[in-house]
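Colleague: Below you'll find input17.cif; it's mmCIF, C-alpha atoms.
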```cif
data_query
loop_
_atom_site.label_atom_id
_atom_site.label_comp_id
_atom_site.auth_asym_id
_atom_site.auth_seq_id
_atom_site.Cartn_x
_atom_site.Cartn_y
_atom_site.Cartn_z
CA MET A 13 -65.46 -49.85 -117.54
CA ARG A 14 -62.36 -51.73 -118.58
CA GLN A 15 -60.10 -52.65 -115.65
CA PRO A 16 -56.30 -52.27 -115.97
CA THR A 17 -54.39 -55.43 -116.50
CA ALA A 18 -52.33 -57.05 -113.75
CA GLN A 19 -49.09 -56.02 -115.49
CA VAL A 20 -50.11 -52.35 -115.51
CA GLN A 21 -51.15 -52.53 -111.86
CA ALA A 22 -47.78 -54.01 -110.98
CA GLU A 23 -45.88 -51.30 -112.89
CA ARG A 24 -47.71 -48.32 -111.34
CA PRO A 25 -46.22 -48.57 -107.82
CA ALA A 26 -42.75 -48.84 -109.34
CA GLN A 27 -43.39 -45.69 -111.42
CA VAL A 28 -44.67 -43.83 -108.35
CA ARG A 29 -41.63 -44.91 -106.38
CA ALA A 30 -39.38 -43.69 -109.18
CA GLN A 31 -41.05 -40.28 -109.20
CA ARG A 32 -40.64 -39.74 -105.45
CA PRO A 33 -37.46 -37.91 -104.32
CA ALA A 34 -34.92 -40.09 -102.65
CA PRO A 35 -35.07 -39.67 -98.88
CA ARG A 36 -32.12 -38.02 -97.14
CA PRO A 37 -29.98 -40.68 -95.49
CA THR A 38 -30.60 -40.80 -91.77
CA THR A 39 -27.70 -39.53 -89.64
CA THR A 40 -27.37 -38.82 -85.97
CA LEU A 41 -27.29 -35.24 -84.72
CA ARG A 42 -23.63 -35.61 -83.76
CA GLN A 43 -22.73 -36.67 -87.32
CA ARG A 44 -24.81 -33.88 -88.82
CA LEU A 45 -23.12 -31.24 -86.70
CA ALA A 46 -19.70 -32.67 -87.56
CA GLU A 47 -20.55 -32.33 -91.27
CA LEU A 48 -21.55 -28.70 -90.72
CA ARG A 49 -18.36 -27.98 -88.78
CA GLY A 50 -16.06 -29.74 -91.24
CA PRO A 51 -14.67 -33.28 -91.23
CA SER A 52 -11.25 -32.27 -89.86
CA VAL A 53 -12.31 -29.41 -87.58
CA ALA A 54 -12.44 -29.97 -83.83
CA PRO A 55 -15.55 -28.60 -82.08
CA HIS A 56 -15.18 -25.18 -80.48
CA PRO A 57 -16.38 -25.35 -76.84
CA LEU A 58 -19.44 -23.34 -75.86
CA ASP A 59 -18.63 -21.44 -72.67
CA ALA A 60 -20.98 -19.69 -70.26
CA ARG A 61 -20.21 -16.23 -71.66
CA ALA A 62 -21.29 -17.30 -75.15
CA LEU A 63 -24.30 -19.11 -73.72
CA ALA A 64 -25.42 -15.99 -71.85
CA ALA A 65 -25.09 -13.96 -75.06
CA LEU A 66 -27.08 -16.60 -76.93
CA ALA A 67 -29.82 -16.48 -74.32
CA ALA A 68 -29.95 -12.69 -74.71
CA ASN A 69 -30.81 -13.11 -78.41
CA PRO A 70 -32.84 -16.35 -78.68
CA GLY A 71 -34.29 -15.43 -82.08
CA CYS A 72 -30.92 -15.76 -83.84
CA LYS A 73 -30.96 -19.22 -85.46
CA ARG A 74 -27.56 -18.54 -87.02
CA ARG A 75 -25.78 -18.25 -83.70
CA ALA A 76 -27.76 -21.14 -82.18
CA LEU A 77 -26.68 -23.47 -85.00
CA LEU A 78 -23.06 -22.34 -85.13
CA ASP A 79 -22.61 -22.55 -81.36
CA GLY A 80 -24.41 -25.90 -81.20
CA ALA A 81 -22.25 -27.32 -83.98
CA GLY A 82 -19.06 -26.10 -82.31
CA VAL A 83 -18.10 -23.75 -85.15
CA ASP A 84 -15.39 -21.23 -84.25
CA LYS A 85 -17.16 -18.00 -85.20
CA GLY A 86 -13.94 -15.98 -84.96
CA VAL A 87 -12.24 -18.14 -87.61
CA LEU A 88 -15.41 -18.08 -89.72
CA ALA A 89 -15.63 -14.28 -89.54
CA THR A 90 -12.00 -13.97 -90.63
CA ALA A 91 -12.60 -16.32 -93.57
CA LEU A 92 -15.60 -14.19 -94.58
CA GLY A 93 -13.47 -11.03 -94.55
CA SER A 94 -15.17 -9.47 -91.49
CA PRO A 95 -12.88 -10.16 -88.52
CA ALA A 96 -13.99 -8.79 -85.19
CA PRO A 97 -11.64 -7.49 -82.43
CA PHE A 98 -13.21 -9.82 -79.89
CA GLY A 99 -11.91 -11.29 -76.65
CA GLN A 100 -9.35 -10.45 -73.98
CA SER A 101 -5.84 -9.24 -74.65
CA GLN A 102 -2.98 -11.57 -73.79
CA PHE A 103 -1.92 -9.24 -70.96
CA ALA A 104 -5.41 -9.23 -69.41
CA PHE A 105 -5.62 -13.01 -69.78
CA MET A 106 -2.31 -13.55 -67.98
CA ARG A 107 -3.23 -11.06 -65.26
CA GLY A 108 -6.55 -12.85 -64.68
CA ASN A 109 -4.85 -16.24 -64.43
CA ALA A 110 -2.29 -14.88 -61.97
CA PHE A 111 -5.00 -13.36 -59.76
CA GLU A 112 -7.05 -16.58 -59.82
CA ALA A 113 -3.99 -18.61 -58.81
CA LYS A 114 -3.41 -16.20 -55.90
CA VAL A 115 -7.02 -16.55 -54.72
CA LYS A 116 -6.89 -20.37 -54.83
CA ALA A 117 -3.42 -20.72 -53.29
CA ASP A 118 -2.92 -22.92 -50.19
CA GLY A 119 -5.94 -25.07 -50.95
CA GLY A 120 -8.24 -22.08 -51.39
CA THR A 121 -7.79 -20.80 -47.82
CA GLU A 122 -8.34 -17.15 -48.74
CA LEU A 123 -11.25 -18.00 -51.02
CA LEU A 124 -13.01 -20.00 -48.31
CA ARG A 125 -12.38 -17.23 -45.78
CA LEU A 126 -14.07 -14.68 -48.04
CA LEU A 127 -16.96 -17.04 -48.71
CA TYR A 128 -17.49 -17.80 -45.02
CA GLU A 129 -17.53 -14.09 -44.16
CA ARG A 130 -20.22 -13.38 -46.78
CA LEU A 131 -22.20 -16.63 -47.02
CA GLY A 132 -21.12 -18.81 -44.10
CA GLY A 133 -24.46 -18.80 -42.34
CA SER A 134 -24.75 -21.14 -39.37
CA SER A 135 -22.17 -23.62 -40.68
CA PRO A 136 -18.86 -24.02 -38.80
CA ALA A 137 -15.89 -22.16 -40.21
CA PRO A 138 -13.83 -24.14 -42.72
CA ALA A 139 -10.69 -25.59 -41.18
CA GLY A 140 -7.88 -27.65 -42.59
CA ASP A 141 -10.16 -30.57 -43.44
CA VAL A 142 -11.63 -28.94 -46.57
CA ALA A 143 -12.01 -31.54 -49.32
CA THR A 144 -10.52 -30.74 -52.74
CA PRO A 145 -11.50 -33.70 -54.95
CA ASP A 146 -9.61 -34.58 -58.10
CA LEU A 147 -11.85 -33.87 -61.11
CA SER A 148 -9.58 -35.08 -63.89
CA ALA A 149 -11.12 -37.44 -66.46
CA ALA A 150 -11.04 -38.17 -70.19
CA GLY A 151 -13.00 -35.69 -72.31
CA PRO A 152 -15.71 -33.23 -71.27
CA GLU A 153 -18.28 -36.01 -70.78
CA GLY A 154 -15.98 -37.81 -68.40
CA ARG A 155 -15.14 -34.66 -66.49
CA ALA A 156 -18.85 -33.78 -66.16
CA ALA A 157 -19.60 -37.24 -64.79
CA ARG A 158 -16.65 -37.01 -62.38
CA THR A 159 -17.84 -33.59 -61.18
CA ALA A 160 -21.37 -34.89 -60.54
CA LEU A 161 -19.95 -37.78 -58.52
CA ALA A 162 -17.71 -35.44 -56.51
CA LEU A 163 -20.66 -33.16 -55.73
CA ARG A 164 -22.74 -36.09 -54.48
CA GLU A 165 -19.89 -37.44 -52.35
CA ALA A 166 -19.15 -34.01 -50.83
CA THR A 167 -22.82 -33.43 -50.02
CA ALA A 168 -23.12 -36.84 -48.38
CA ALA A 169 -19.95 -36.22 -46.32
CA GLY A 170 -21.49 -33.10 -44.74
CA GLY A 171 -18.35 -30.96 -44.76
CA TRP A 172 -16.72 -28.16 -46.71
CA ALA A 173 -15.49 -28.99 -50.20
CA LEU A 174 -13.87 -26.87 -52.90
CA LEU A 175 -14.22 -27.99 -56.53
CA ASP A 176 -11.63 -26.23 -58.68
CA HIS A 177 -12.77 -25.77 -62.30
CA PRO A 178 -15.53 -28.41 -62.30
CA MET A 179 -17.20 -29.42 -65.56
CA LEU A 180 -20.97 -29.01 -65.86
CA ALA A 181 -23.32 -30.08 -68.65
CA LEU A 182 -26.37 -28.17 -69.85
CA GLU A 183 -28.63 -29.01 -72.76
CA VAL A 184 -29.05 -26.10 -75.16
CA ALA A 185 -31.52 -26.44 -78.04
CA GLY A 186 -31.18 -30.22 -78.01
CA SER A 187 -27.36 -30.23 -77.94
CA PRO A 188 -25.18 -30.63 -74.81
CA ALA A 189 -22.97 -27.71 -73.77
CA TYR A 190 -20.11 -28.19 -71.31
CA LEU A 191 -19.38 -25.34 -68.90
CA GLU A 192 -16.45 -24.73 -66.55
CA PRO A 193 -16.97 -22.30 -63.65
CA ASP A 194 -13.99 -21.00 -61.70
CA ALA A 195 -15.03 -22.89 -58.57
CA VAL A 196 -17.98 -24.43 -56.75
CA VAL A 197 -18.04 -24.66 -52.94
CA VAL A 198 -20.10 -27.29 -51.09
CA HIS A 199 -21.31 -26.16 -47.64
CA PRO A 200 -21.79 -28.56 -44.71
CA ASP A 201 -25.57 -28.04 -44.94
CA GLY A 202 -25.62 -29.28 -48.56
CA ARG A 203 -25.73 -25.85 -50.23
CA TRP A 204 -23.69 -25.35 -53.42
CA THR A 205 -22.27 -21.90 -54.18
CA VAL A 206 -20.83 -20.75 -57.50
CA VAL A 207 -17.64 -18.66 -57.26
CA GLU A 208 -16.71 -16.24 -60.06
CA ILE A 209 -13.18 -14.79 -60.03
CA LYS A 210 -12.70 -11.67 -62.16
CA SER A 211 -9.70 -9.41 -62.68
CA PHE A 212 -11.59 -6.07 -62.78
CA PRO A 213 -11.20 -4.13 -59.51
CA MET A 214 -13.65 -3.35 -56.73
CA ILE A 215 -13.01 0.25 -55.73
CA ASP A 216 -14.55 1.25 -52.38
CA ALA A 217 -16.49 -2.04 -52.32
CA SER A 218 -18.15 -1.41 -55.71
CA ALA A 219 -17.26 -2.43 -59.26
CA ASP A 220 -18.30 -1.44 -62.78
CA ALA A 221 -22.02 -2.16 -63.10
CA ALA A 222 -21.78 -3.45 -66.68
CA LYS A 223 -19.01 -5.91 -65.79
CA VAL A 224 -20.85 -7.10 -62.69
CA GLY A 225 -24.00 -7.62 -64.77
CA ALA A 226 -22.07 -9.69 -67.32
CA ALA A 227 -20.57 -11.79 -64.51
CA ALA A 228 -24.04 -12.30 -63.01
CA ARG A 229 -25.46 -13.54 -66.32
CA GLN A 230 -22.52 -15.89 -66.71
CA ALA A 231 -22.94 -17.23 -63.16
CA ALA A 232 -26.67 -17.74 -63.76
CA VAL A 233 -25.79 -20.24 -66.51
CA TYR A 234 -23.64 -22.18 -64.03
CA VAL A 235 -26.49 -22.17 -61.52
CA LEU A 236 -28.85 -23.66 -64.12
CA ALA A 237 -26.34 -26.40 -64.92
CA LEU A 238 -25.79 -27.17 -61.22
CA GLU A 239 -29.53 -27.48 -60.63
CA ARG A 240 -29.63 -30.46 -62.99
CA VAL A 241 -27.16 -32.31 -60.77
CA ALA A 242 -28.79 -31.14 -57.53
CA ALA A 243 -32.15 -32.50 -58.71
CA VAL A 244 -30.79 -36.06 -58.47
CA THR A 245 -28.65 -35.50 -55.35
CA GLU A 246 -30.26 -36.02 -51.96
CA GLY A 247 -29.89 -33.08 -49.58
CA ALA A 248 -28.39 -30.74 -52.19
CA GLU A 249 -29.50 -27.18 -52.89
CA VAL A 250 -28.01 -24.66 -55.31
CA GLY A 251 -27.64 -21.19 -53.84
CA HIS A 252 -28.92 -18.27 -55.91
CA GLN A 253 -26.32 -15.99 -54.35
CA VAL A 254 -22.91 -16.29 -56.01
CA LEU A 255 -19.59 -15.05 -54.69
CA LEU A 256 -17.82 -12.53 -56.95
CA VAL A 257 -14.10 -12.23 -56.12
CA CYS A 258 -12.13 -9.26 -57.51
CA PRO A 259 -8.95 -7.30 -56.71
CA LYS A 260 -9.41 -4.75 -53.93
CA ASP A 261 -9.02 -1.13 -55.02
CA PHE A 262 -5.77 -0.86 -57.03
CA SER A 263 -3.95 -3.73 -55.34
CA ASN A 264 -3.74 -7.44 -56.07
CA LEU A 265 -5.40 -8.40 -52.78
CA PRO A 266 -8.72 -10.27 -53.21
CA THR A 267 -12.03 -9.00 -51.94
CA ALA A 268 -15.50 -10.40 -52.49
CA SER A 269 -19.10 -9.39 -52.93
CA VAL A 270 -22.36 -11.37 -52.98
CA VAL A 271 -24.47 -11.15 -56.15
CA ASP A 272 -28.06 -12.41 -56.29
CA VAL A 273 -28.65 -14.03 -59.69
CA ARG A 274 -32.30 -15.08 -59.34
CA LYS A 275 -33.46 -12.58 -61.94
CA GLN A 276 -30.68 -13.48 -64.41
CA ARG A 277 -31.36 -17.18 -63.85
CA ALA A 278 -35.07 -16.81 -64.61
CA VAL A 279 -34.42 -14.75 -67.75
CA THR A 280 -31.72 -17.12 -69.02
CA ARG A 281 -33.86 -20.19 -68.40
CA ARG A 282 -36.82 -18.69 -70.22
CA GLN A 283 -34.72 -17.59 -73.18
CA LEU A 284 -32.96 -20.94 -73.51
CA THR A 285 -36.34 -22.67 -73.51
CA ARG A 286 -37.41 -20.51 -76.45
CA LEU A 287 -34.46 -21.57 -78.58
CA THR A 288 -35.37 -23.65 -81.62
CA ARG A 289 -33.91 -27.13 -81.51
CA ILE A 290 -30.64 -27.32 -83.43
CA GLU A 291 -31.68 -30.43 -85.35
CA ASP A 292 -34.74 -28.58 -86.70
CA ILE A 293 -32.53 -25.73 -87.94
CA ALA A 294 -30.04 -28.19 -89.47
CA ASP A 295 -32.76 -30.14 -91.28
CA ALA A 296 -33.93 -26.97 -93.03
CA LEU A 297 -30.50 -26.30 -94.57
CA PRO A 298 -29.69 -27.16 -98.21
CA GLU A 299 -27.91 -30.44 -98.82
CA GLY A 300 -24.14 -30.16 -98.54
CA THR A 301 -24.09 -27.01 -96.40
CA THR A 302 -20.85 -26.70 -94.43
CA PHE A 303 -19.02 -24.02 -92.44
CA ASP A 304 -15.59 -25.56 -92.94
CA PRO A 305 -13.04 -22.67 -92.98
CA ALA A 306 -11.19 -24.50 -95.77
CA CYS A 307 -14.03 -23.62 -98.17
CA SER A 308 -13.91 -20.53 -100.37
CA PRO A 309 -15.36 -17.24 -99.10
CA GLN A 310 -18.19 -17.53 -101.64
CA GLU A 311 -19.17 -20.98 -100.34
CA LEU A 312 -19.01 -19.80 -96.74
CA GLU A 313 -21.09 -16.73 -97.58
CA SER A 314 -23.75 -18.94 -99.14
CA ALA A 315 -23.72 -21.29 -96.13
CA VAL A 316 -24.02 -18.47 -93.59
CA SER A 317 -26.78 -16.77 -95.59
CA SER A 318 -28.82 -19.99 -95.57
CA VAL A 319 -29.42 -19.54 -91.82
CA THR A 320 -31.52 -16.60 -90.68
CA ALA A 321 -30.01 -14.17 -88.18
CA ALA A 322 -31.48 -11.63 -85.77
CA TYR A 323 -28.91 -8.84 -85.79
CA ALA A 324 -29.03 -6.00 -83.28
CA PRO A 325 -26.36 -3.43 -82.32
CA GLU A 326 -25.90 -5.27 -79.00
CA CYS A 327 -24.38 -8.17 -80.96
CA LEU A 328 -21.22 -6.10 -81.53
CA ALA A 329 -20.19 -6.71 -77.92
CA ALA A 330 -21.08 -10.40 -77.79
CA CYS A 331 -20.67 -12.16 -81.15
CA GLU A 332 -17.70 -12.64 -83.46
CA LEU A 333 -19.95 -12.58 -86.55
CA ALA A 334 -21.55 -9.26 -85.62
CA PHE A 335 -19.62 -7.18 -88.17
CA HIS A 336 -20.56 -9.56 -90.98
CA CYS A 337 -24.23 -9.56 -89.96
CA ARG A 338 -24.22 -5.76 -89.61
CA ALA A 339 -22.85 -5.31 -93.13
CA ARG A 340 -25.56 -7.59 -94.57
CA SER A 341 -28.26 -5.88 -92.51
CA ARG A 342 -27.16 -2.46 -93.77
CA ALA A 343 -27.03 -3.70 -97.35
CA GLU A 344 -30.63 -4.93 -97.03
CA GLY A 345 -31.71 -1.65 -95.41
CA ALA A 346 -33.22 -3.48 -92.43
CA VAL A 347 -34.45 -1.31 -89.59
CA GLU A 348 -32.99 -3.80 -87.08
CA THR A 349 -29.66 -2.10 -87.79
CA LEU A 350 -30.95 0.90 -85.82
CA GLY A 351 -31.72 -1.15 -82.70
CA ARG A 352 -34.49 -3.26 -81.20
CA SER A 353 -36.27 -0.28 -79.66
CA VAL A 354 -36.47 1.52 -83.02
CA ARG A 355 -37.65 -1.69 -84.70
CA GLY A 356 -40.42 -2.02 -82.12
CA GLU A 357 -41.61 1.54 -82.70
CA LEU A 358 -41.86 1.20 -86.49
CA GLY A 359 -44.49 -1.55 -86.56
CA GLY A 360 -44.95 -3.00 -90.05
CA LEU A 361 -42.20 -0.90 -91.64
CA THR A 362 -39.23 -3.23 -92.03
CA THR A 363 -36.81 -1.27 -94.24
CA VAL A 364 -35.15 2.12 -93.93
CA ALA A 365 -36.29 3.00 -97.46
CA GLY A 366 -39.87 2.23 -96.49
CA VAL A 367 -39.60 4.42 -93.40
CA LEU A 368 -38.24 7.37 -95.41
CA ALA A 369 -40.96 6.93 -98.07
CA ALA A 370 -43.66 6.89 -95.39
CA ALA A 371 -42.23 10.01 -93.75
CA ALA A 372 -42.16 11.81 -97.11
CA GLY A 373 -45.80 10.91 -97.81
CA LYS A 374 -44.99 8.66 -100.77
CA GLU A 375 -46.09 5.40 -99.16
CA GLY A 376 -48.08 4.17 -96.21
CA ASP A 377 -51.58 4.57 -94.87
CA PRO A 378 -52.14 8.03 -93.30
CA ALA A 379 -54.44 6.39 -90.76
CA ASP A 380 -51.57 4.24 -89.48
CA PRO A 381 -50.31 5.82 -86.22
CA THR A 382 -46.70 4.98 -87.11
CA VAL A 383 -46.97 6.65 -90.53
CA ALA A 384 -48.72 9.68 -89.01
CA ALA A 385 -45.98 10.05 -86.39
CA LEU A 386 -43.25 9.81 -89.04
CA ARG A 387 -44.90 12.50 -91.19
CA ARG A 388 -45.35 14.75 -88.19
CA ALA A 389 -41.66 14.31 -87.31
CA ALA A 390 -40.66 15.05 -90.92
CA ALA A 391 -42.73 18.25 -90.87
CA LEU A 392 -41.14 19.39 -87.61
CA ARG A 393 -37.67 18.65 -88.99
CA ALA A 394 -38.38 20.66 -92.16
CA GLU A 395 -39.66 23.58 -90.08
CA ALA A 396 -36.56 23.50 -87.87
CA LEU A 397 -34.24 23.45 -90.88
CA GLU A 398 -36.11 26.38 -92.44
CA ASN A 399 -35.79 28.45 -89.25
CA ALA A 400 -32.10 27.63 -89.00
CA ALA A 401 -31.54 28.74 -92.60
CA ALA A 402 -33.33 32.03 -91.91
CA LEU A 403 -31.17 32.66 -88.85
CA ARG A 404 -28.02 31.98 -90.85
CA ALA A 405 -29.20 34.45 -93.52
CA ARG A 406 -29.65 37.20 -90.93
CA ALA A 407 -26.47 36.34 -89.10
CA PRO A 408 -24.04 38.43 -91.26
CA GLU A 409 -26.04 41.65 -90.68
CA GLY A 410 -26.30 41.01 -86.99
CA ALA A 411 -22.65 40.09 -86.71
CA ALA A 412 -21.61 43.32 -88.53
CA ALA A 413 -23.72 45.44 -86.16
CA VAL A 414 -22.21 43.69 -83.15
CA ARG A 415 -18.70 44.20 -84.48
CA GLY A 416 -19.36 47.92 -85.12
CA GLN A 417 -20.70 48.45 -81.62
CA ALA A 418 -17.72 46.60 -80.19
CA HIS A 419 -15.30 48.84 -82.10
CA GLU A 420 -17.08 51.99 -80.82
CA ASP A 421 -16.98 50.72 -77.24
CA ALA A 422 -13.29 49.86 -77.53
CA ALA A 423 -12.47 53.31 -78.94
CA ALA A 424 -14.33 54.99 -76.09
CA VAL A 425 -12.46 52.91 -73.52
CA ARG A 426 -9.11 53.74 -75.15
CA GLY A 427 -10.00 57.44 -75.16
CA GLN A 428 -10.92 57.41 -71.47
CA ALA A 429 -7.73 55.55 -70.66
CA SER A 430 -5.61 58.13 -72.55
CA GLU A 431 -7.29 60.99 -70.69
CA GLY A 432 -6.69 59.26 -67.37
CA ALA A 433 -3.06 58.64 -68.20
CA GLY A 434 -2.53 62.29 -69.25
CA ALA A 435 -4.09 63.56 -66.01
CA ALA A 436 -1.86 61.27 -64.02
CA CYS A 437 1.25 62.66 -65.81
CA ARG A 438 0.22 66.24 -65.08
#
```
Reformat the file's structure so that it appears as structure tokens.

Modeller:
Amino acid sequence: MRQPTAQVQAERPAQVRAQRPAPRPTTTLRQRLAELRGPSVAPHPLDARALAALAANPGCKRRALLDGAGVDKGVLATALGSPAPFGQSQFAFMRGNAFEAKVKADGGTELLRLLYERLGGSSPAPAGDVATPDLSAAGPEGRAARTALALREATAAGGWALLDHPMLALEVAGSPAYLEPDAVVVHPDGRWTVVEIKSFPMIDASADAAKVGAAARQAAVYVLALERVAAVTEGAEVGHQVLLVCPKDFSNLPTASVVDVRKQRAVTRRQLTRLTRIEDIADALPEGTTFDPACSPQELESAVSSVTAAYAPECLAACELAFHCRARSRAEGAVETLGRSVRGELGGLTTVAGVLAAAAGKEGDPADPTVAALRRAAALRAEALENAAALRARAPEGAAAVRGQAHEDAAAVRGQASEGAGAACR
């Protein structure tokens, strides 16, 4: 067999190299996320409320990527033509800030009094020597480092300390998120307690259950972030009971309640662990994908559609892009639009059209329990509609008979009344 010449052998690797696609230039995750956000767009901070909502829907890669990249979803939703009425009103925001300032006035004396009454334990009551360290620093990274140092110093000192708006760091899907609780109190025994200050009232020592649940999920995120610092701090322990401070009844006086967040902490930690790493989601995007609001609506629509979402009706109360995702889900006829519970009951049927066809007997395996249940429900519905139509058909006759009897009874009553009146006159 004739062997290829040396020149041919030398040319083959060059031809193979020419046929291979050029590798994507290597960039750091920070640079990649900046490209997705837009070259001139500042990152939107990821707060604990958004993080709790993200943990409640860990299968949504779209929200994980947008939050990790610091994209302002409210601005993006407006650019897409689907703005969402999301967030607090200006009046509620100002009222909340005024109440928080009242609670923390005089070095947090009232706040520490409420905390000692509920969670003081065997520690001595806080006096005038409560430490209030300065947490100012450059940027969120600097503030997080300064907060960690202040927590270690306060724990080593063995006294009461109040950290006003500390900065905590928590890794979410491979990207750091910086969180800012209302306050963290360090006890003399080394315990750290998260304080949440809300403007909704506590009436007769109880508040709205939905709002308390949202506050508990938000506080659980702070507890997870604090545990990272406590793990490298000698003698520190993060309390799983947080202090919720609210206005008492209909006044502006503060009152407090203790909320156990162990369940919310466990759920949030498990859900955050399930999140796909942001760099894996970003690597799967087409080249040149960007969510810069300066782009045209068509380009933004294409960019958003390139990332899969997991829409559910619960997203309407937690995500700025929910109205956009709902419109696309309805256009595709996805059963997720009807809710997670309905989606779970329908098994392999993924579209509304497929569900209706299975119920009508046009598609689906009759041996499938889901298909059999749908057909049974369709038969019962048809029977109910038929009975209702029959009742409506007989209704005019029955109504005429009732009206005739009513007229006869009324005439008899009028006759008896006339006779009685005549007898009375005589």

Colleague: Excluding stretch 288-294 of chain A and residues on its chain fewer than 5 positions from it, collect all residues at most 10 Å away from it, counting only C-alpha atoms, and give them as a list in words.

Modeller: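 Final neighbour list, sorted by chain and number: Thr40, Leu41, Arg42, Arg44, Leu45, Leu48, Pro70, Gly71, Cys72, Lys73, Arg74, Ala76, Leu77, Leu78, Asp79, Gly80, Ala81, Val184, Ala185, Gly186, Ser187, Glu299, Thr301, Val319 and Thr320 of chain A.
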
Colleague: Which residue gives the smallest distance to A:Val206 among A:Glu165, A:Asp272, A:Asp146, A:Glu311, with all atoms listed in the file counted?

Modeller: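 When distances to A:Val206 are compared using all atoms listed in the file, the smallest one comes from A:Asp272.
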
Colleague: For stretch 374-378 of chain A, please output as a ChimeraX atom specification all residues within 12 Å (counting all atoms listed in the file; exclusion window: fewer than 3 positions along the same chain).

Modeller: /A:358-361,365-371,381-388

Colleague: Quick one: pull the distance between atom CA of A:Phe262 and atom CA of A:Lys116, Å, one decimal.

Modeller: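 Answer for the atom CA of A:Phe262 to atom CA of A:Lys116 separation: 19.7 Å.
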
Colleague: Please evaluate the PyMOL selection byres ((chain A and resi 352) around 12) against the structure above and give the resulting residues as a list in words.

Modeller: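 Matching residues under the PyMOL selection byres ((chain A and resi 352) around 12) are Asn69, Ala322, Tyr323, Ala324, Pro325, Glu326, Cys327, Ala346, Val347, Glu348, Thr349, Leu350, Gly351, Ser353, Val354, Arg355, Gly356, Glu357, Leu358, Gly359 and Thr362 of chain A.
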
Colleague: I need the residue set behind the PyMOL selection byres ((chain A and resi 341-345) around 6) for this file; please write it as a tab-separated table (two decimals) with C-alpha atoms, in the frame of the given file.

Modeller:
```tsv
chain	number	residue	atom	x	y	z
A	338	ARG	CA	-24.22	-5.76	-89.61
A	339	ALA	CA	-22.85	-5.31	-93.13
A	340	ARG	CA	-25.56	-7.59	-94.57
A	346	ALA	CA	-33.22	-3.48	-92.43
A	363	THR	CA	-36.81	-1.27	-94.24
A	364	VAL	CA	-35.15	2.12	-93.93
```

Colleague: Identify all residues satisfying the PyMOL selection byres ((chain A and resi 175) around 8) in the given file; provide them as a PyMOL selection string.

Modeller: chain A and resi 144-145+147+173-174+176-178+195-197

Colleague: Mind pulling up the distance from atom CA of A:Gly50 to atom CA of A:Glu153?

Modeller: 21.5 Å

Colleague: Pick from A:Gly247, A:Gly140, A:Pro298, A:Pro309: nearest to A:Ser94, with all atoms listed in the file counted?

Modeller: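 Of the candidates, the smallest distance to A:Ser94 is held by A:Pro309.
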
Colleague: For each of A:Val233, A:Ala248, A:Ile209, A:Ala400, take the minimum atom-to-atom distance to A:Gln283, counting only C-alpha atoms, then give the residue where this is smallest.

Modeller: A:Val233

Colleague: Skip A:Ala96 itself and residues of its chain fewer than 4 positions away, then list as a PyMOL selection string all residues within 12 Å of it, counting all atoms listed in the file.

Modeller: chain A and resi 85-92+327-338

Colleague: Report the distance between atom CA of A:Glu398 and atom CA of A:Ala372 in Å, rounded to one decimal place.

Modeller: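 Rounded to one decimal, the two atoms are 16.5 Å apart.
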
Colleague: Looking at A:Thr121, A:Asp295, A:Leu265, A:Val279, which one is nearest to A:Ala228, with distances taken over only C-alpha atoms?

Modeller: A:Val279
